[in-house]
>>> print(open('query_31.cif').read())   # mmCIF, C-alpha atoms, pLDDT in the B column; chains and numbers go by the auth columns
data_upload
loop_
_atom_site.group_PDB
_atom_site.id
_atom_site.type_symbol
_atom_site.label_atom_id
_atom_site.label_comp_id
_atom_site.label_asym_id
_atom_site.label_seq_id
_atom_site.Cartn_x
_atom_site.Cartn_y
_atom_site.Cartn_z
_atom_site.B_iso_or_equiv
_atom_site.auth_seq_id
_atom_site.auth_asym_id
ATOM 1 C CA MET A 1 11.002 6.451 11.901 56.00 1 A
ATOM 2 C CA SER A 2 10.085 7.106 8.273 81.00 2 A
ATOM 3 C CA ALA A 3 6.816 8.490 6.949 85.00 3 A
ATOM 4 C CA LEU A 4 5.903 4.995 5.717 86.00 4 A
ATOM 5 C CA ASP A 5 6.580 3.564 9.158 86.00 5 A
ATOM 6 C CA ASP A 6 4.211 6.176 10.594 88.00 6 A
ATOM 7 C CA LEU A 7 1.571 5.420 7.955 88.00 7 A
ATOM 8 C CA PHE A 8 1.599 1.662 8.565 90.00 8 A
ATOM 9 C CA SER A 9 2.134 1.699 12.324 89.00 9 A
ATOM 10 C CA GLY A 10 -0.733 0.103 14.202 90.00 10 A
ATOM 11 C CA LEU A 11 -2.273 -1.551 11.144 92.00 11 A
ATOM 12 C CA PRO A 12 -3.028 -5.286 11.194 95.00 12 A
ATOM 13 C CA THR A 13 -0.890 -7.689 9.140 96.00 13 A
ATOM 14 C CA HIS A 14 -3.875 -8.360 6.836 97.00 14 A
ATOM 15 C CA LEU A 15 -5.447 -5.206 5.427 96.00 15 A
ATOM 16 C CA SER A 16 -8.996 -4.609 4.266 95.00 16 A
ATOM 17 C CA VAL A 17 -10.090 -2.592 1.261 96.00 17 A
ATOM 18 C CA GLU A 18 -11.175 0.086 3.736 95.00 18 A
ATOM 19 C CA ASP A 19 -7.659 0.116 5.232 95.00 19 A
ATOM 20 C CA LEU A 20 -6.171 0.640 1.761 95.00 20 A
ATOM 21 C CA SER A 21 -8.736 3.345 1.074 96.00 21 A
ATOM 22 C CA ALA A 22 -7.552 5.234 4.145 94.00 22 A
ATOM 23 C CA ILE A 23 -3.855 4.666 3.374 92.00 23 A
ATOM 24 C CA TYR A 24 -4.121 5.927 -0.207 93.00 24 A
ATOM 25 C CA GLY A 25 -6.846 8.508 0.448 95.00 25 A
ATOM 26 C CA VAL A 26 -9.142 7.161 -2.272 97.00 26 A
ATOM 27 C CA ALA A 27 -12.617 5.629 -2.347 97.00 27 A
ATOM 28 C CA PRO A 28 -13.067 1.837 -2.050 97.00 28 A
ATOM 29 C CA PRO A 29 -14.123 1.444 -5.728 97.00 29 A
ATOM 30 C CA THR A 30 -10.727 2.850 -6.734 97.00 30 A
ATOM 31 C CA VAL A 31 -8.973 0.334 -4.484 97.00 31 A
ATOM 32 C CA TYR A 32 -11.005 -2.526 -6.000 96.00 32 A
ATOM 33 C CA ARG A 33 -10.040 -1.340 -9.489 97.00 33 A
ATOM 34 C CA TRP A 34 -6.354 -1.193 -8.503 96.00 34 A
ATOM 35 C CA LEU A 35 -6.593 -4.692 -7.015 97.00 35 A
ATOM 36 C CA GLN A 36 -8.200 -6.065 -10.183 96.00 36 A
ATOM 37 C CA GLN A 37 -5.544 -4.391 -12.352 96.00 37 A
ATOM 38 C CA GLY A 38 -2.659 -5.576 -10.164 95.00 38 A
ATOM 39 C CA GLU A 39 -1.616 -2.046 -9.211 94.00 39 A
ATOM 40 C CA VAL A 40 -1.495 -3.041 -5.544 95.00 40 A
ATOM 41 C CA PRO A 41 -0.030 -6.379 -4.416 96.00 41 A
ATOM 42 C CA ALA A 42 -2.738 -8.756 -3.201 97.00 42 A
ATOM 43 C CA TYR A 43 -4.108 -12.258 -3.641 97.00 43 A
ATOM 44 C CA LYS A 44 -7.640 -13.236 -4.611 96.00 44 A
ATOM 45 C CA ILE A 45 -8.646 -16.494 -2.979 96.00 45 A
ATOM 46 C CA SER A 46 -12.175 -17.863 -3.346 96.00 46 A
ATOM 47 C CA GLY A 47 -13.461 -14.418 -4.249 93.00 47 A
ATOM 48 C CA GLN A 48 -11.843 -12.694 -1.256 94.00 48 A
ATOM 49 C CA TRP A 49 -8.900 -10.305 -1.383 95.00 49 A
ATOM 50 C CA VAL A 50 -5.940 -11.061 0.884 96.00 50 A
ATOM 51 C CA ILE A 51 -3.864 -7.914 1.257 97.00 51 A
ATOM 52 C CA LEU A 52 -0.664 -8.143 3.271 97.00 52 A
ATOM 53 C CA ARG A 53 0.428 -4.968 5.033 96.00 53 A
ATOM 54 C CA ASP A 54 4.157 -5.557 4.580 95.00 54 A
ATOM 55 C CA GLU A 55 3.797 -6.254 0.844 96.00 55 A
ATOM 56 C CA VAL A 56 1.825 -3.039 0.336 95.00 56 A
ATOM 57 C CA ARG A 57 4.407 -1.093 2.340 94.00 57 A
ATOM 58 C CA SER A 58 7.292 -2.585 0.333 93.00 58 A
ATOM 59 C CA HIS A 59 5.451 -1.846 -2.924 92.00 59 A
ATOM 60 C CA MET A 60 4.928 1.784 -1.904 91.00 60 A
ATOM 61 C CA GLU A 61 8.572 2.125 -0.898 89.00 61 A
ATOM 62 C CA ALA A 62 9.775 0.623 -4.200 89.00 62 A
ATOM 63 C CA SER A 63 7.417 2.874 -6.181 85.00 63 A
ATOM 64 C CA ARG A 64 8.669 6.091 -4.608 82.00 64 A
ATOM 65 C CA ARG A 65 9.694 8.737 -7.093 80.00 65 A
ATOM 66 C CA VAL A 66 12.459 11.187 -6.216 73.00 66 A
ATOM 67 C CA PRO A 67 13.838 13.881 -8.495 73.00 67 A
ATOM 68 C CA PRO A 68 17.267 12.802 -9.807 73.00 68 A
ATOM 69 C CA ASP A 69 19.051 15.755 -8.181 73.00 69 A
ATOM 70 C CA LYS A 70 17.612 15.040 -4.715 64.00 70 A
ATOM 71 C CA PRO A 71 19.159 12.375 -2.485 66.00 71 A
ATOM 72 C CA VAL A 72 16.820 9.878 -0.848 64.00 72 A
ATOM 73 C CA ALA A 73 16.632 10.357 2.907 65.00 73 A
ATOM 74 C CA THR A 74 17.310 7.222 4.919 64.00 74 A
ATOM 75 C CA ASP A 75 16.117 6.828 8.476 60.00 75 A
#
>>> encode(input="query_31.cif", output="structure tokens")
Amino acid sequence: MSALDDLFSGLPTHLSVEDLSAIYGVAPPTVYRWLQQGEVPAYKISGQWVILRDEVRSHMEASRRVPPDKPVATD
């Protein structure tokens, strides 16, 4: 199991801003700013944010930075 699997294990399929706050270790206003700027994948429907766990996980995985001389570990 990868570190991302551990991080997202047990979370609901639809995340709240508070869930994202805990995942990223930042305050809710930062999460709201990221959502508004499109930094985190989400949908705004009738003034409410819809944040899908699997999309956030995929986004984090795709955004991973690894030094060029280090191979990426696969689990």
>>> closest_residue(input="query_31.cif", among="A:Arg33, A:Asp5, A:Ile51, A:Pro41", to="Asp19 in chain A", atoms="all atoms listed in the file")
A:Ile51
>>> atom_distance(input="query_31.cif", atom1="CA of Leu15 in chain A", atom2="CA of Arg57 in chain A")
11.1 Å
>>> resolve_selection(input="query_31.cif", expression="the PyMOL selection byres ((chain A and resi 48) around 12)", output="count of residues only")
15
>>> resolve_selection(input="query_31.cif", expression="the PyMOL selection byres ((chain A and resi 11) around 12)", output="MDAnalysis selection string")
chainID A and resid 4:10 12:16 18:20 22:23 51:54 56:57
>>> atom_distance(input="query_31.cif", atom1="CA of Gln37 in chain A", atom2="CA of Gly25 in chain A")
18.2 Å
>>> atom_distance(input="query_31.cif", atom1="CA of Ala62 in chain A", atom2="CA of Pro29 in chain A")
24.0 Å
>>> build_atoms(input="query_31.cif", residues="range 4-25 of chain A", atoms="N, CA and C atoms", output="compact mmCIF listing (two decimals), keeping the file's coordinate frame")
# COMPACT_ATOMS: atom_id res chain seq x y z
N LEU A 4 6.60 6.25 5.96
CA LEU A 4 5.90 5.00 5.72
C LEU A 4 5.72 4.21 7.01
N ASP A 5 6.72 4.23 7.86
CA ASP A 5 6.58 3.56 9.16
C ASP A 5 5.41 4.17 9.92
N ASP A 6 5.32 5.49 9.92
CA ASP A 6 4.21 6.18 10.59
C ASP A 6 2.87 5.77 9.98
N LEU A 7 2.81 5.73 8.67
CA LEU A 7 1.57 5.42 7.96
C LEU A 7 1.07 4.01 8.27
N PHE A 8 1.99 3.05 8.38
CA PHE A 8 1.60 1.66 8.56
C PHE A 8 1.60 1.21 10.03
N SER A 9 2.09 2.06 10.91
CA SER A 9 2.13 1.70 12.32
C SER A 9 0.72 1.47 12.86
N GLY A 10 0.56 0.40 13.59
CA GLY A 10 -0.73 0.10 14.20
C GLY A 10 -1.71 -0.63 13.31
N LEU A 11 -1.37 -0.83 12.04
CA LEU A 11 -2.27 -1.55 11.14
C LEU A 11 -2.08 -3.05 11.31
N PRO A 12 -3.15 -3.83 11.10
CA PRO A 12 -3.03 -5.29 11.19
C PRO A 12 -2.19 -5.85 10.04
N THR A 13 -1.73 -7.08 10.19
CA THR A 13 -0.89 -7.69 9.14
C THR A 13 -1.68 -7.96 7.87
N HIS A 14 -2.99 -8.18 7.99
CA HIS A 14 -3.88 -8.36 6.84
C HIS A 14 -4.76 -7.13 6.73
N LEU A 15 -4.69 -6.45 5.61
CA LEU A 15 -5.45 -5.21 5.43
C LEU A 15 -6.77 -5.46 4.72
N SER A 16 -7.71 -4.59 4.97
CA SER A 16 -9.00 -4.61 4.27
C SER A 16 -8.97 -3.56 3.15
N VAL A 17 -9.96 -3.62 2.30
CA VAL A 17 -10.09 -2.59 1.26
C VAL A 17 -10.27 -1.22 1.91
N GLU A 18 -10.98 -1.18 3.03
CA GLU A 18 -11.18 0.09 3.74
C GLU A 18 -9.84 0.62 4.29
N ASP A 19 -8.99 -0.31 4.78
CA ASP A 19 -7.66 0.12 5.23
C ASP A 19 -6.88 0.75 4.08
N LEU A 20 -6.89 0.10 2.92
CA LEU A 20 -6.17 0.64 1.76
C LEU A 20 -6.76 1.97 1.32
N SER A 21 -8.07 2.08 1.40
CA SER A 21 -8.74 3.34 1.07
C SER A 21 -8.19 4.48 1.93
N ALA A 22 -8.06 4.21 3.23
CA ALA A 22 -7.55 5.23 4.14
C ALA A 22 -6.08 5.52 3.88
N ILE A 23 -5.29 4.49 3.62
CA ILE A 23 -3.86 4.67 3.37
C ILE A 23 -3.63 5.54 2.14
N TYR A 24 -4.32 5.22 1.06
CA TYR A 24 -4.12 5.93 -0.21
C TYR A 24 -4.98 7.18 -0.34
N GLY A 25 -5.98 7.33 0.52
CA GLY A 25 -6.85 8.51 0.45
C GLY A 25 -7.75 8.50 -0.77
